[in-house]
Amino acid sequence: MILILLGAPGCGKGTISKLFQERLNFCHISTGEIIRKTIALNNEFGEMLRQIITKGELVSDEIVLKLLCEKLNECGSDIILDGFPRTLFQAKKLDEIAKIDKVIYIDTPYDVIKERLAGRRICQNCGKVYNVNLHSMNSCDCGGKLIQREDDLPHVIEERFKIYEEETFPLIEFYSNQDKLIKVKSSSSSNDTFNEILSFLEIKWWLLQKKKWIAWEFQAR
Ligand code: AMP
């Protein structure tokens with residue numbers, strides 16, 4: 001099953017994707033994470049990407065598609081896409097290379113998102129996400145330092161929202177027309193949001209469970 005998580009920056013796509021990865025063994029593809037890892041390599045290409053994302057702009061469709069395809073080749077059949085597609089061009093290209101089952105749109109009020117993004121910190125080492133409004137921590141479980149993403153600074157957030165509305169918001173209609181859209185309201189608990197998504201995916205969720213159960217039975221023999 002291939003799922004897409006759609007929503008404004010900071011709506012919780014990363015957290016929900018991690019739950020799909022941890023609990024259902026989905027391969028989590030975050031184009032933002034791939035870009036941040038590339039930037040951390042400290043080469044010329046990474047520096048070019050850093051300059052784009054610290055302005056809140058989008059990386060070109062060509063570059064993102066290339067990075068995505070490399071990662072897609074490493075994944076099995078259950079995949080959750082987080083932060084991709086972000087433009088209609090990317091969505092149409094994706095339709096040419098993969099069969100998308102459902103698109104989950106996480107609808108979150110802007111004031112909630114702004115507060116979340118202001119408190120968001122990521123581990124410099126493993127990329128795990130924390131929120132200083134909820135956890136008063138200076139370091140990650142792994143010992144890595146928690147830092148604020150350069151693109152979470154207030155003036156960059158404004159630009160990211162603007163680009164989201166112009167470039168990404170039209171995808172809601174695109175996938176709604178394909179009859180693939182599931183809309184969920186973001187709840188304060190990511191667990192609740194995750195469970196609501198699962199209830200929408202009920203039949204496939206059952207099939208997945210069954211597949212997991214068969215795998216377990218097989219191992220137990
Ligand atoms: P994210 O971690 O998903 O918030 O992404 C961080 C930044 O990476 C975005 O603000 C963009 O600059 C860039 N980025 C991530 N995914 C894409 C994409 N699909 N298309 C273009 N730029 C992207």
# chains A, B, ... in the order shown; residues from 1 in each chain; ligands from 1

$ residues_near_ligand --ligand "ligand 1" --cutoff "6 Å" --atoms "only C-alpha atoms and all ligand atoms" --output "PDB file with N, CA, C and O atoms, in the first residue's frame"
ATOM      1  N   PRO A   9       3.104  22.751   6.585  1.00  0.00           N
ATOM      2  CA  PRO A   9       4.302  22.476   7.379  1.00  0.00           C
ATOM      3  C   PRO A   9       3.931  22.468   8.864  1.00  0.00           C
ATOM      4  O   PRO A   9       3.181  23.336   9.318  1.00  0.00           O
ATOM      5  N   THR A  31      10.983  13.564   2.048  1.00  0.00           N
ATOM      6  CA  THR A  31      11.921  14.255   1.154  1.00  0.00           C
ATOM      7  C   THR A  31      12.681  15.345   1.921  1.00  0.00           C
ATOM      8  O   THR A  31      13.857  15.584   1.669  1.00  0.00           O
ATOM      9  N   GLY A  32      12.013  15.957   2.925  1.00  0.00           N
ATOM     10  CA  GLY A  32      12.697  16.975   3.738  1.00  0.00           C
ATOM     11  C   GLY A  32      13.882  16.358   4.482  1.00  0.00           C
ATOM     12  O   GLY A  32      14.960  16.953   4.549  1.00  0.00           O
ATOM     13  N   GLU A  33      13.669  15.154   5.021  1.00  0.00           N
ATOM     14  CA  GLU A  33      14.739  14.474   5.767  1.00  0.00           C
ATOM     15  C   GLU A  33      15.890  14.103   4.818  1.00  0.00           C
ATOM     16  O   GLU A  33      17.056  14.254   5.162  1.00  0.00           O
ATOM     17  N   ILE A  53      16.360  25.901   1.124  1.00  0.00           N
ATOM     18  CA  ILE A  53      15.386  25.605   2.190  1.00  0.00           C
ATOM     19  C   ILE A  53      15.412  26.641   3.319  1.00  0.00           C
ATOM     20  O   ILE A  53      14.406  26.866   3.956  1.00  0.00           O
ATOM     21  N   GLY A  56      12.914  29.105   2.769  1.00  0.00           N
ATOM     22  CA  GLY A  56      11.526  28.620   2.815  1.00  0.00           C
ATOM     23  C   GLY A  56      11.011  28.224   1.452  1.00  0.00           C
ATOM     24  O   GLY A  56       9.822  27.933   1.286  1.00  0.00           O
ATOM     25  N   GLU A  57      11.908  28.232   0.454  1.00  0.00           N
ATOM     26  CA  GLU A  57      11.466  27.909  -0.918  1.00  0.00           C
ATOM     27  C   GLU A  57      11.474  26.396  -1.156  1.00  0.00           C
ATOM     28  O   GLU A  57      12.017  25.636  -0.352  1.00  0.00           O
ATOM     29  N   LEU A  58      10.913  25.998  -2.283  1.00  0.00           N
ATOM     30  CA  LEU A  58      10.923  24.580  -2.640  1.00  0.00           C
ATOM     31  C   LEU A  58      12.142  24.245  -3.479  1.00  0.00           C
ATOM     32  O   LEU A  58      12.570  25.050  -4.315  1.00  0.00           O
ATOM     33  N   VAL A  59      12.679  23.073  -3.250  1.00  0.00           N
ATOM     34  CA  VAL A  59      13.760  22.546  -4.086  1.00  0.00           C
ATOM     35  C   VAL A  59      13.136  22.190  -5.444  1.00  0.00           C
ATOM     36  O   VAL A  59      11.939  21.856  -5.504  1.00  0.00           O
ATOM     37  N   SER A  60      13.913  22.252  -6.518  1.00  0.00           N
ATOM     38  CA  SER A  60      13.306  22.050  -7.842  1.00  0.00           C
ATOM     39  C   SER A  60      12.699  20.648  -7.972  1.00  0.00           C
ATOM     40  O   SER A  60      13.187  19.685  -7.361  1.00  0.00           O
ATOM     41  N   VAL A  64      14.163  16.930  -6.540  1.00  0.00           N
ATOM     42  CA  VAL A  64      13.395  16.162  -5.540  1.00  0.00           C
ATOM     43  C   VAL A  64      12.961  14.815  -6.124  1.00  0.00           C
ATOM     44  O   VAL A  64      13.027  13.787  -5.449  1.00  0.00           O
ATOM     45  N   GLY A  83       5.730  14.741   2.806  1.00  0.00           N
ATOM     46  CA  GLY A  83       6.345  15.936   2.199  1.00  0.00           C
ATOM     47  C   GLY A  83       6.539  15.815   0.697  1.00  0.00           C
ATOM     48  O   GLY A  83       7.133  16.685   0.072  1.00  0.00           O
ATOM     49  N   PHE A  84       6.038  14.767   0.127  1.00  0.00           N
ATOM     50  CA  PHE A  84       6.072  14.569  -1.318  1.00  0.00           C
ATOM     51  C   PHE A  84       4.766  13.911  -1.744  1.00  0.00           C
ATOM     52  O   PHE A  84       4.381  12.930  -1.118  1.00  0.00           O
ATOM     53  N   PRO A  85       4.098  14.403  -2.777  1.00  0.00           N
ATOM     54  CA  PRO A  85       4.423  15.544  -3.624  1.00  0.00           C
ATOM     55  C   PRO A  85       4.056  16.869  -2.967  1.00  0.00           C
ATOM     56  O   PRO A  85       3.224  16.919  -2.063  1.00  0.00           O
ATOM     57  N   ARG A  86       4.675  17.942  -3.452  1.00  0.00           N
ATOM     58  CA  ARG A  86       4.367  19.282  -2.949  1.00  0.00           C
ATOM     59  C   ARG A  86       3.910  20.199  -4.076  1.00  0.00           C
ATOM     60  O   ARG A  86       3.540  21.351  -3.819  1.00  0.00           O
TER      61      ARG A  86
END

$ residues_around --residues "A:Ile63" --least-positions-apart "6" --cutoff "12 Å" --atoms "only C-alpha atoms" --output "NGL selection string"
:A and (31 or 34-35 or 38 or 45-46 or 48-49 or 69-70 or 90)

$ write_last_selection --atoms "C-alpha atoms" --output "tab-separated table (two decimals), in the first residue's frame"
chain	number	residue	atom	x	y	z
A	31	THR	CA	11.92	14.25	1.15
A	34	ILE	CA	16.57	13.27	2.64
A	35	ILE	CA	17.38	16.91	1.81
A	38	THR	CA	22.25	15.68	1.90
A	45	PHE	CA	25.30	20.32	-3.76
A	46	GLY	CA	24.27	20.30	-0.09
A	48	MET	CA	22.95	24.78	-2.78
A	49	LEU	CA	20.03	22.90	-1.14
A	69	CYS	CA	13.33	7.69	-6.93
A	70	GLU	CA	16.62	6.69	-5.30
A	90	GLN	CA	5.40	16.21	-8.72

$ closest_residue --among "A:Ala8, A:Ala98, A:Leu81, A:Leu72" --to "A:Gln21" --atoms "only C-alpha atoms"
A:Leu81

$ closest_atom_pairs --of "stretch 11-76 of chain A" --to "stretch 189-202 of chain A" --cutoff "8 Å" --atoms "only C-alpha atoms" --output "JSON lines"
{"residue": "A:Gly12", "atom": "CA", "partner": "A:Ser190", "partner_atom": "CA", "distance": 7.6}
{"residue": "A:Thr15", "atom": "CA", "partner": "A:Ser190", "partner_atom": "CA", "distance": 7.1}
{"residue": "A:Ile16", "atom": "CA", "partner": "A:Phe194", "partner_atom": "CA", "distance": 6.2}
{"residue": "A:Leu19", "atom": "CA", "partner": "A:Phe194", "partner_atom": "CA", "distance": 7.4}

$ residues_around --residues "A:Lys18" --least-positions-apart "6" --cutoff "12 Å" --atoms "only C-alpha atoms" --output "list in words"
Leu5, Gly12, Leu24, Asn25, Phe26, Cys27, His28, Ile29, Ser30, Ile79, Ile80, Leu81, Asp82, Gly127, Lys128, Val129, Ser190, Asn191 and Phe194 of chain A

$ write_last_selection --atoms "all heavy atoms" --output "compact mmCIF listing (two decimals), in the first residue's frame"
# COMPACT_ATOMS: atom_id res chain seq x y z
N LEU A 5 0.97 11.56 2.86
CA LEU A 5 0.48 12.45 3.92
C LEU A 5 0.60 13.88 3.41
O LEU A 5 1.67 14.31 3.01
CB LEU A 5 1.33 12.30 5.18
CG LEU A 5 0.98 11.13 6.10
CD1 LEU A 5 1.83 11.18 7.35
CD2 LEU A 5 -0.49 11.13 6.48
N GLY A 12 2.12 17.73 11.47
CA GLY A 12 2.33 16.44 12.15
C GLY A 12 2.58 15.29 11.20
O GLY A 12 2.51 14.13 11.62
N LEU A 24 3.52 -0.42 11.79
CA LEU A 24 3.03 -1.22 10.66
C LEU A 24 4.13 -1.54 9.65
O LEU A 24 3.84 -2.06 8.57
CB LEU A 24 1.89 -0.49 9.94
CG LEU A 24 0.64 -0.24 10.78
CD1 LEU A 24 -0.33 0.63 10.02
CD2 LEU A 24 -0.02 -1.54 11.17
N ASN A 25 5.37 -1.18 10.04
CA ASN A 25 6.50 -1.55 9.19
C ASN A 25 6.51 -0.88 7.81
O ASN A 25 7.01 -1.46 6.85
CB ASN A 25 6.51 -3.07 9.03
CG ASN A 25 7.91 -3.59 9.16
OD1 ASN A 25 8.83 -2.82 9.47
ND2 ASN A 25 8.09 -4.87 8.89
N PHE A 26 5.87 0.29 7.71
CA PHE A 26 5.91 1.01 6.44
C PHE A 26 7.30 1.60 6.24
O PHE A 26 7.99 1.92 7.20
CB PHE A 26 4.91 2.19 6.45
CG PHE A 26 3.54 1.83 5.97
CD1 PHE A 26 2.77 0.90 6.64
CD2 PHE A 26 3.01 2.43 4.84
CE1 PHE A 26 1.50 0.56 6.20
CE2 PHE A 26 1.74 2.11 4.38
CZ PHE A 26 0.99 1.17 5.07
N CYS A 27 7.69 1.75 4.99
CA CYS A 27 8.93 2.46 4.67
C CYS A 27 8.56 3.95 4.63
O CYS A 27 7.69 4.36 3.87
CB CYS A 27 9.43 1.98 3.31
SG CYS A 27 10.95 2.75 2.79
N HIS A 28 9.19 4.73 5.49
CA HIS A 28 8.86 6.16 5.59
C HIS A 28 9.80 6.96 4.69
O HIS A 28 11.01 6.93 4.88
CB HIS A 28 9.02 6.59 7.07
CG HIS A 28 8.91 8.07 7.29
ND1 HIS A 28 9.48 8.68 8.37
CD2 HIS A 28 8.30 9.05 6.58
CE1 HIS A 28 9.23 9.98 8.31
NE2 HIS A 28 8.52 10.22 7.25
N ILE A 29 9.22 7.67 3.73
CA ILE A 29 10.05 8.52 2.88
C ILE A 29 9.70 9.98 3.15
O ILE A 29 8.59 10.43 2.84
CB ILE A 29 9.85 8.22 1.38
CG1 ILE A 29 10.16 6.74 1.09
CG2 ILE A 29 10.75 9.11 0.53
CD1 ILE A 29 10.10 6.36 -0.37
N SER A 30 10.64 10.70 3.73
CA SER A 30 10.47 12.14 3.94
C SER A 30 11.48 12.85 3.05
O SER A 30 12.69 12.74 3.27
CB SER A 30 10.71 12.49 5.41
OG SER A 30 11.11 13.83 5.54
N ILE A 79 4.53 1.83 1.70
CA ILE A 79 5.33 3.07 1.75
C ILE A 79 4.45 4.23 2.21
O ILE A 79 3.29 4.34 1.81
CB ILE A 79 5.88 3.39 0.34
CG1 ILE A 79 6.80 2.25 -0.15
CG2 ILE A 79 6.64 4.72 0.31
CD1 ILE A 79 7.22 2.37 -1.60
N ILE A 80 5.02 5.09 3.05
CA ILE A 80 4.31 6.32 3.40
C ILE A 80 5.16 7.52 2.98
O ILE A 80 6.33 7.62 3.34
CB ILE A 80 3.89 6.36 4.88
CG1 ILE A 80 3.02 7.58 5.17
CG2 ILE A 80 5.07 6.32 5.85
CD1 ILE A 80 1.87 7.31 6.10
N LEU A 81 4.57 8.37 2.14
CA LEU A 81 5.29 9.54 1.61
C LEU A 81 4.94 10.77 2.45
O LEU A 81 3.76 11.12 2.60
CB LEU A 81 4.90 9.78 0.16
CG LEU A 81 5.35 8.71 -0.84
CD1 LEU A 81 4.70 8.93 -2.19
CD2 LEU A 81 6.87 8.72 -0.99
N ASP A 82 5.97 11.42 2.96
CA ASP A 82 5.79 12.57 3.86
C ASP A 82 6.52 13.77 3.25
O ASP A 82 7.73 13.77 3.14
CB ASP A 82 6.37 12.13 5.23
CG ASP A 82 6.83 13.24 6.13
OD1 ASP A 82 6.46 14.39 5.88
OD2 ASP A 82 7.55 12.95 7.10
N GLY A 127 17.86 13.09 14.09
CA GLY A 127 16.73 13.73 13.42
C GLY A 127 15.40 13.59 14.16
O GLY A 127 14.38 14.08 13.69
N LYS A 128 15.41 12.94 15.35
CA LYS A 128 14.16 12.78 16.10
C LYS A 128 13.59 14.16 16.47
O LYS A 128 14.35 15.08 16.79
CB LYS A 128 14.42 11.95 17.37
CG LYS A 128 13.15 11.57 18.11
CD LYS A 128 13.40 10.52 19.18
CE LYS A 128 12.13 10.32 19.99
NZ LYS A 128 12.30 9.40 21.09
N VAL A 129 12.25 14.25 16.40
CA VAL A 129 11.61 15.56 16.60
C VAL A 129 11.07 15.69 18.02
O VAL A 129 10.44 14.77 18.54
CB VAL A 129 10.46 15.73 15.58
CG1 VAL A 129 9.78 17.08 15.75
CG2 VAL A 129 10.99 15.59 14.15
N SER A 190 -1.12 12.66 18.78
CA SER A 190 -0.80 12.05 17.47
C SER A 190 -1.35 10.62 17.41
O SER A 190 -1.71 10.12 16.34
CB SER A 190 0.70 12.08 17.21
OG SER A 190 1.40 11.74 18.35
N ASN A 191 -1.42 9.99 18.58
CA ASN A 191 -1.98 8.64 18.65
C ASN A 191 -3.44 8.63 18.19
O ASN A 191 -3.86 7.74 17.44
CB ASN A 191 -1.92 8.19 20.10
CG ASN A 191 -1.41 6.79 20.20
OD1 ASN A 191 -0.94 6.21 19.22
ND2 ASN A 191 -1.54 6.23 21.38
N PHE A 194 -3.56 9.14 14.47
CA PHE A 194 -3.15 7.89 13.82
C PHE A 194 -4.31 6.89 13.81
O PHE A 194 -4.63 6.29 12.78
CB PHE A 194 -1.94 7.33 14.58
CG PHE A 194 -1.42 6.01 14.06
CD1 PHE A 194 -0.84 5.91 12.81
CD2 PHE A 194 -1.50 4.86 14.84
CE1 PHE A 194 -0.35 4.70 12.33
CE2 PHE A 194 -1.02 3.64 14.37
CZ PHE A 194 -0.44 3.57 13.11

$ select_by_dssp --residues "stretch 150-186 of chain A" --states "alpha helix (DSSP H)" --output "PyMOL selection string"
chain A and resi 154-163+170-177

$ residues_around --residues "A:Gln124" --least-positions-apart "5" --cutoff "10 Å" --atoms "only C-alpha atoms" --output "PyMOL selection string"
chain A and resi 40+129+139-140+143-149

$ write_last_selection --atoms "C-alpha atoms" --output "JSON list (two decimals), in the first residue's frame"
[["chain", "number", "residue", "atom", "x", "y", "z"],
["A", 40, "ALA", "CA", 24.79, 17.50, 6.29],
["A", 129, "VAL", "CA", 11.61, 15.56, 16.60],
["A", 139, "SER", "CA", 19.33, 16.62, 24.38],
["A", 140, "CYS", "CA", 17.85, 13.65, 22.54],
["A", 143, "GLY", "CA", 22.57, 12.00, 23.40],
["A", 144, "GLY", "CA", 22.45, 14.27, 20.32],
["A", 145, "LYS", "CA", 22.00, 18.04, 20.71],
["A", 146, "LEU", "CA", 18.50, 19.45, 20.03],
["A", 147, "ILE", "CA", 18.51, 22.32, 17.57],
["A", 148, "GLN", "CA", 15.92, 24.51, 15.84],
["A", 149, "ARG", "CA", 15.62, 23.94, 12.10]]

$ select_by_dssp --residues "stretch 59-136 of chain A" --states "strand (DSSP E or B)" --output "mmCIF file with all heavy atoms, in the first residue's frame"
data_model
loop_
_atom_site.group_PDB
_atom_site.id
_atom_site.type_symbol
_atom_site.label_atom_id
_atom_site.label_comp_id
_atom_site.auth_asym_id
_atom_site.auth_seq_id
_atom_site.Cartn_x
_atom_site.Cartn_y
_atom_site.Cartn_z
ATOM 1 N N ILE A 79 4.533 1.833 1.703
ATOM 2 C CA ILE A 79 5.328 3.071 1.751
ATOM 3 C C ILE A 79 4.452 4.227 2.207
ATOM 4 O O ILE A 79 3.294 4.336 1.806
ATOM 5 C CB ILE A 79 5.884 3.394 0.338
ATOM 6 C CG1 ILE A 79 6.799 2.254 -0.147
ATOM 7 C CG2 ILE A 79 6.641 4.723 0.314
ATOM 8 C CD1 ILE A 79 7.220 2.367 -1.605
ATOM 9 N N ILE A 80 5.020 5.094 3.055
ATOM 10 C CA ILE A 80 4.308 6.325 3.399
ATOM 11 C C ILE A 80 5.159 7.518 2.979
ATOM 12 O O ILE A 80 6.327 7.621 3.340
ATOM 13 C CB ILE A 80 3.888 6.364 4.885
ATOM 14 C CG1 ILE A 80 3.016 7.576 5.166
ATOM 15 C CG2 ILE A 80 5.065 6.315 5.852
ATOM 16 C CD1 ILE A 80 1.868 7.305 6.096
ATOM 17 N N LEU A 81 4.566 8.374 2.142
ATOM 18 C CA LEU A 81 5.289 9.541 1.615
ATOM 19 C C LEU A 81 4.941 10.770 2.447
ATOM 20 O O LEU A 81 3.764 11.120 2.601
ATOM 21 C CB LEU A 81 4.897 9.777 0.155
ATOM 22 C CG LEU A 81 5.346 8.705 -0.839
ATOM 23 C CD1 LEU A 81 4.698 8.935 -2.194
ATOM 24 C CD2 LEU A 81 6.867 8.718 -0.989
ATOM 25 N N ASP A 82 5.974 11.418 2.961
ATOM 26 C CA ASP A 82 5.793 12.566 3.863
ATOM 27 C C ASP A 82 6.517 13.772 3.248
ATOM 28 O O ASP A 82 7.730 13.772 3.136
ATOM 29 C CB ASP A 82 6.372 12.126 5.229
ATOM 30 C CG ASP A 82 6.827 13.244 6.127
ATOM 31 O OD1 ASP A 82 6.460 14.392 5.883
ATOM 32 O OD2 ASP A 82 7.546 12.950 7.101
ATOM 33 N N LYS A 102 -4.054 5.825 -1.110
ATOM 34 C CA LYS A 102 -4.842 6.856 -0.432
ATOM 35 C C LYS A 102 -3.970 8.051 -0.084
ATOM 36 O O LYS A 102 -2.752 7.908 0.111
ATOM 37 C CB LYS A 102 -5.431 6.302 0.887
ATOM 38 C CG LYS A 102 -6.539 5.300 0.698
ATOM 39 C CD LYS A 102 -7.855 5.985 0.321
ATOM 40 C CE LYS A 102 -8.915 4.954 -0.028
ATOM 41 N NZ LYS A 102 -10.004 5.514 -0.825
ATOM 42 N N VAL A 103 -4.617 9.206 0.010
ATOM 43 C CA VAL A 103 -3.905 10.433 0.377
ATOM 44 C C VAL A 103 -4.574 10.982 1.629
ATOM 45 O O VAL A 103 -5.779 11.248 1.628
ATOM 46 C CB VAL A 103 -3.988 11.454 -0.781
ATOM 47 C CG1 VAL A 103 -3.280 12.751 -0.411
ATOM 48 C CG2 VAL A 103 -3.389 10.850 -2.045
ATOM 49 N N ILE A 104 -3.809 11.099 2.677
ATOM 50 C CA ILE A 104 -4.376 11.542 3.957
ATOM 51 C C ILE A 104 -4.042 13.017 4.145
ATOM 52 O O ILE A 104 -2.857 13.386 4.203
ATOM 53 C CB ILE A 104 -3.803 10.704 5.124
ATOM 54 C CG1 ILE A 104 -4.149 9.234 4.906
ATOM 55 C CG2 ILE A 104 -4.342 11.199 6.460
ATOM 56 C CD1 ILE A 104 -3.058 8.297 5.315
ATOM 57 N N TYR A 105 -5.085 13.831 4.202
ATOM 58 C CA TYR A 105 -4.882 15.271 4.400
ATOM 59 C C TYR A 105 -5.130 15.595 5.866
ATOM 60 O O TYR A 105 -6.226 15.397 6.380
ATOM 61 C CB TYR A 105 -5.829 16.050 3.476
ATOM 62 C CG TYR A 105 -5.979 17.504 3.817
ATOM 63 C CD1 TYR A 105 -4.857 18.312 4.034
ATOM 64 C CD2 TYR A 105 -7.240 18.097 3.921
ATOM 65 C CE1 TYR A 105 -4.992 19.655 4.363
ATOM 66 C CE2 TYR A 105 -7.381 19.441 4.235
ATOM 67 C CZ TYR A 105 -6.259 20.202 4.459
ATOM 68 O OH TYR A 105 -6.384 21.528 4.792
ATOM 69 N N ILE A 106 -4.078 16.073 6.527
ATOM 70 C CA ILE A 106 -4.207 16.429 7.955
ATOM 71 C C ILE A 106 -4.519 17.919 8.045
ATOM 72 O O ILE A 106 -3.683 18.767 7.751
ATOM 73 C CB ILE A 106 -2.915 16.097 8.736
ATOM 74 C CG1 ILE A 106 -2.502 14.635 8.505
ATOM 75 C CG2 ILE A 106 -3.123 16.353 10.231
ATOM 76 C CD1 ILE A 106 -1.205 14.235 9.179
ATOM 77 N N ASP A 107 -5.763 18.191 8.428
ATOM 78 C CA ASP A 107 -6.253 19.560 8.481
ATOM 79 C C ASP A 107 -5.973 20.130 9.886
ATOM 80 O O ASP A 107 -6.498 19.628 10.874
ATOM 81 C CB ASP A 107 -7.769 19.512 8.194
ATOM 82 C CG ASP A 107 -8.376 20.884 8.119
ATOM 83 O OD1 ASP A 107 -7.625 21.856 7.942
ATOM 84 O OD2 ASP A 107 -9.611 20.984 8.253
ATOM 85 N N ARG A 120 9.359 23.538 17.883
ATOM 86 C CA ARG A 120 9.943 22.306 17.348
ATOM 87 C C ARG A 120 11.474 22.323 17.402
ATOM 88 O O ARG A 120 12.100 23.303 17.019
ATOM 89 C CB ARG A 120 9.476 22.100 15.907
ATOM 90 C CG ARG A 120 10.053 20.841 15.270
ATOM 91 C CD ARG A 120 9.262 20.382 14.089
ATOM 92 N NE ARG A 120 9.458 21.176 12.896
ATOM 93 C CZ ARG A 120 8.898 20.897 11.724
ATOM 94 N NH1 ARG A 120 8.081 19.862 11.616
ATOM 95 N NH2 ARG A 120 9.109 21.659 10.674
ATOM 96 N N ARG A 121 12.043 21.240 17.891
ATOM 97 C CA ARG A 121 13.501 21.067 17.875
ATOM 98 C C ARG A 121 13.790 19.683 17.303
ATOM 99 O O ARG A 121 13.019 18.745 17.526
ATOM 100 C CB ARG A 121 14.108 21.137 19.291
ATOM 101 C CG ARG A 121 13.863 22.441 20.027
ATOM 102 C CD ARG A 121 14.617 23.632 19.407
ATOM 103 N NE ARG A 121 14.371 24.869 20.130
ATOM 104 C CZ ARG A 121 13.339 25.688 19.919
ATOM 105 N NH1 ARG A 121 12.439 25.402 18.979
ATOM 106 N NH2 ARG A 121 13.194 26.789 20.623
ATOM 107 N N ILE A 122 14.904 19.570 16.586
ATOM 108 C CA ILE A 122 15.261 18.244 16.083
ATOM 109 C C ILE A 122 16.642 17.850 16.591
ATOM 110 O O ILE A 122 17.482 18.710 16.871
ATOM 111 C CB ILE A 122 15.204 18.135 14.539
ATOM 112 C CG1 ILE A 122 16.182 19.105 13.872
ATOM 113 C CG2 ILE A 122 13.814 18.355 14.008
ATOM 114 C CD1 ILE A 122 16.442 18.758 12.404
ATOM 115 N N CYS A 123 16.850 16.551 16.695
ATOM 116 C CA CYS A 123 18.147 16.061 17.144
ATOM 117 C C CYS A 123 19.140 16.203 15.995
ATOM 118 O O CYS A 123 18.881 15.734 14.888
ATOM 119 C CB CYS A 123 18.024 14.610 17.595
ATOM 120 S SG CYS A 123 19.632 13.881 17.925
ATOM 121 N N VAL A 129 12.251 14.251 16.403
ATOM 122 C CA VAL A 129 11.615 15.557 16.598
ATOM 123 C C VAL A 129 11.066 15.689 18.019
ATOM 124 O O VAL A 129 10.437 14.771 18.543
ATOM 125 C CB VAL A 129 10.460 15.729 15.576
ATOM 126 C CG1 VAL A 129 9.781 17.081 15.752
ATOM 127 C CG2 VAL A 129 10.989 15.587 14.152
ATOM 128 N N TYR A 130 11.298 16.857 18.631
ATOM 129 C CA TYR A 130 10.770 17.158 19.967
ATOM 130 C C TYR A 130 10.049 18.488 19.898
ATOM 131 O O TYR A 130 10.227 19.247 18.951
ATOM 132 C CB TYR A 130 11.922 17.283 20.979
ATOM 133 C CG TYR A 130 12.623 15.984 21.270
ATOM 134 C CD1 TYR A 130 13.679 15.551 20.466
ATOM 135 C CD2 TYR A 130 12.236 15.186 22.347
ATOM 136 C CE1 TYR A 130 14.322 14.357 20.723
ATOM 137 C CE2 TYR A 130 12.885 13.988 22.610
ATOM 138 C CZ TYR A 130 13.918 13.577 21.804
ATOM 139 O OH TYR A 130 14.557 12.397 22.060
ATOM 140 N N ASN A 131 9.253 18.758 20.949
ATOM 141 C CA ASN A 131 8.656 20.078 21.044
ATOM 142 C C ASN A 131 8.934 20.627 22.436
ATOM 143 O O ASN A 131 8.547 20.011 23.417
ATOM 144 C CB ASN A 131 7.153 20.009 20.775
ATOM 145 C CG ASN A 131 6.597 21.392 20.534
ATOM 146 O OD1 ASN A 131 6.766 22.289 21.357
ATOM 147 N ND2 ASN A 131 5.975 21.578 19.391
#

$ closest_residue --among "A:Thr108, A:Ser187, A:Asn73, A:Thr54" --to "A:Cys11" --atoms "only C-alpha atoms"
A:Thr108

$ closest_residue --among "A:Pro170, A:Tyr175, A:Ala118, A:Lys99" --to "A:Asp151" --atoms "only C-alpha atoms"
A:Ala118

$ closest_residue --among "A:Glu159, A:Glu173, A:Glu167, A:Glu115" --to "A:Gly10" --atoms "only C-alpha atoms"
A:Glu115

$ decode --residues "stretch 43-51 of chain A" --atoms "N, CA, C and O atoms" --output "PDB file, in the first residue's frame"
ATOM      1  N   ASN A  43      28.798  19.321   1.181  1.00  0.00           N
ATOM      2  CA  ASN A  43      29.444  19.513  -0.128  1.00  0.00           C
ATOM      3  C   ASN A  43      28.709  20.628  -0.891  1.00  0.00           C
ATOM      4  O   ASN A  43      27.780  21.254  -0.366  1.00  0.00           O
ATOM      5  N   GLU A  44      29.145  20.856  -2.108  1.00  0.00           N
ATOM      6  CA  GLU A  44      28.609  21.985  -2.877  1.00  0.00           C
ATOM      7  C   GLU A  44      27.103  21.831  -3.153  1.00  0.00           C
ATOM      8  O   GLU A  44      26.330  22.778  -3.033  1.00  0.00           O
ATOM      9  N   PHE A  45      26.721  20.594  -3.477  1.00  0.00           N
ATOM     10  CA  PHE A  45      25.303  20.317  -3.759  1.00  0.00           C
ATOM     11  C   PHE A  45      24.462  20.577  -2.503  1.00  0.00           C
ATOM     12  O   PHE A  45      23.411  21.230  -2.558  1.00  0.00           O
ATOM     13  N   GLY A  46      24.978  20.097  -1.358  1.00  0.00           N
ATOM     14  CA  GLY A  46      24.271  20.297  -0.085  1.00  0.00           C
ATOM     15  C   GLY A  46      24.135  21.774   0.233  1.00  0.00           C
ATOM     16  O   GLY A  46      23.079  22.229   0.691  1.00  0.00           O
ATOM     17  N   GLU A  47      25.164  22.543  -0.021  1.00  0.00           N
ATOM     18  CA  GLU A  47      25.134  23.984   0.258  1.00  0.00           C
ATOM     19  C   GLU A  47      24.070  24.665  -0.620  1.00  0.00           C
ATOM     20  O   GLU A  47      23.341  25.549  -0.161  1.00  0.00           O
ATOM     21  N   MET A  48      23.944  24.206  -1.875  1.00  0.00           N
ATOM     22  CA  MET A  48      22.945  24.782  -2.779  1.00  0.00           C
ATOM     23  C   MET A  48      21.528  24.497  -2.228  1.00  0.00           C
ATOM     24  O   MET A  48      20.675  25.373  -2.190  1.00  0.00           O
ATOM     25  N   LEU A  49      21.339  23.256  -1.716  1.00  0.00           N
ATOM     26  CA  LEU A  49      20.030  22.900  -1.142  1.00  0.00           C
ATOM     27  C   LEU A  49      19.760  23.726   0.125  1.00  0.00           C
ATOM     28  O   LEU A  49      18.644  24.196   0.360  1.00  0.00           O
ATOM     29  N   ARG A  50      20.813  23.916   0.937  1.00  0.00           N
ATOM     30  CA  ARG A  50      20.646  24.660   2.195  1.00  0.00           C
ATOM     31  C   ARG A  50      20.155  26.080   1.915  1.00  0.00           C
ATOM     32  O   ARG A  50      19.279  26.596   2.592  1.00  0.00           O
ATOM     33  N   GLN A  51      20.729  26.679   0.884  1.00  0.00           N
ATOM     34  CA  GLN A  51      20.341  28.059   0.564  1.00  0.00           C
ATOM     35  C   GLN A  51      18.867  28.141   0.157  1.00  0.00           C
ATOM     36  O   GLN A  51      18.201  29.115   0.439  1.00  0.00           O
TER      37      GLN A  51
END
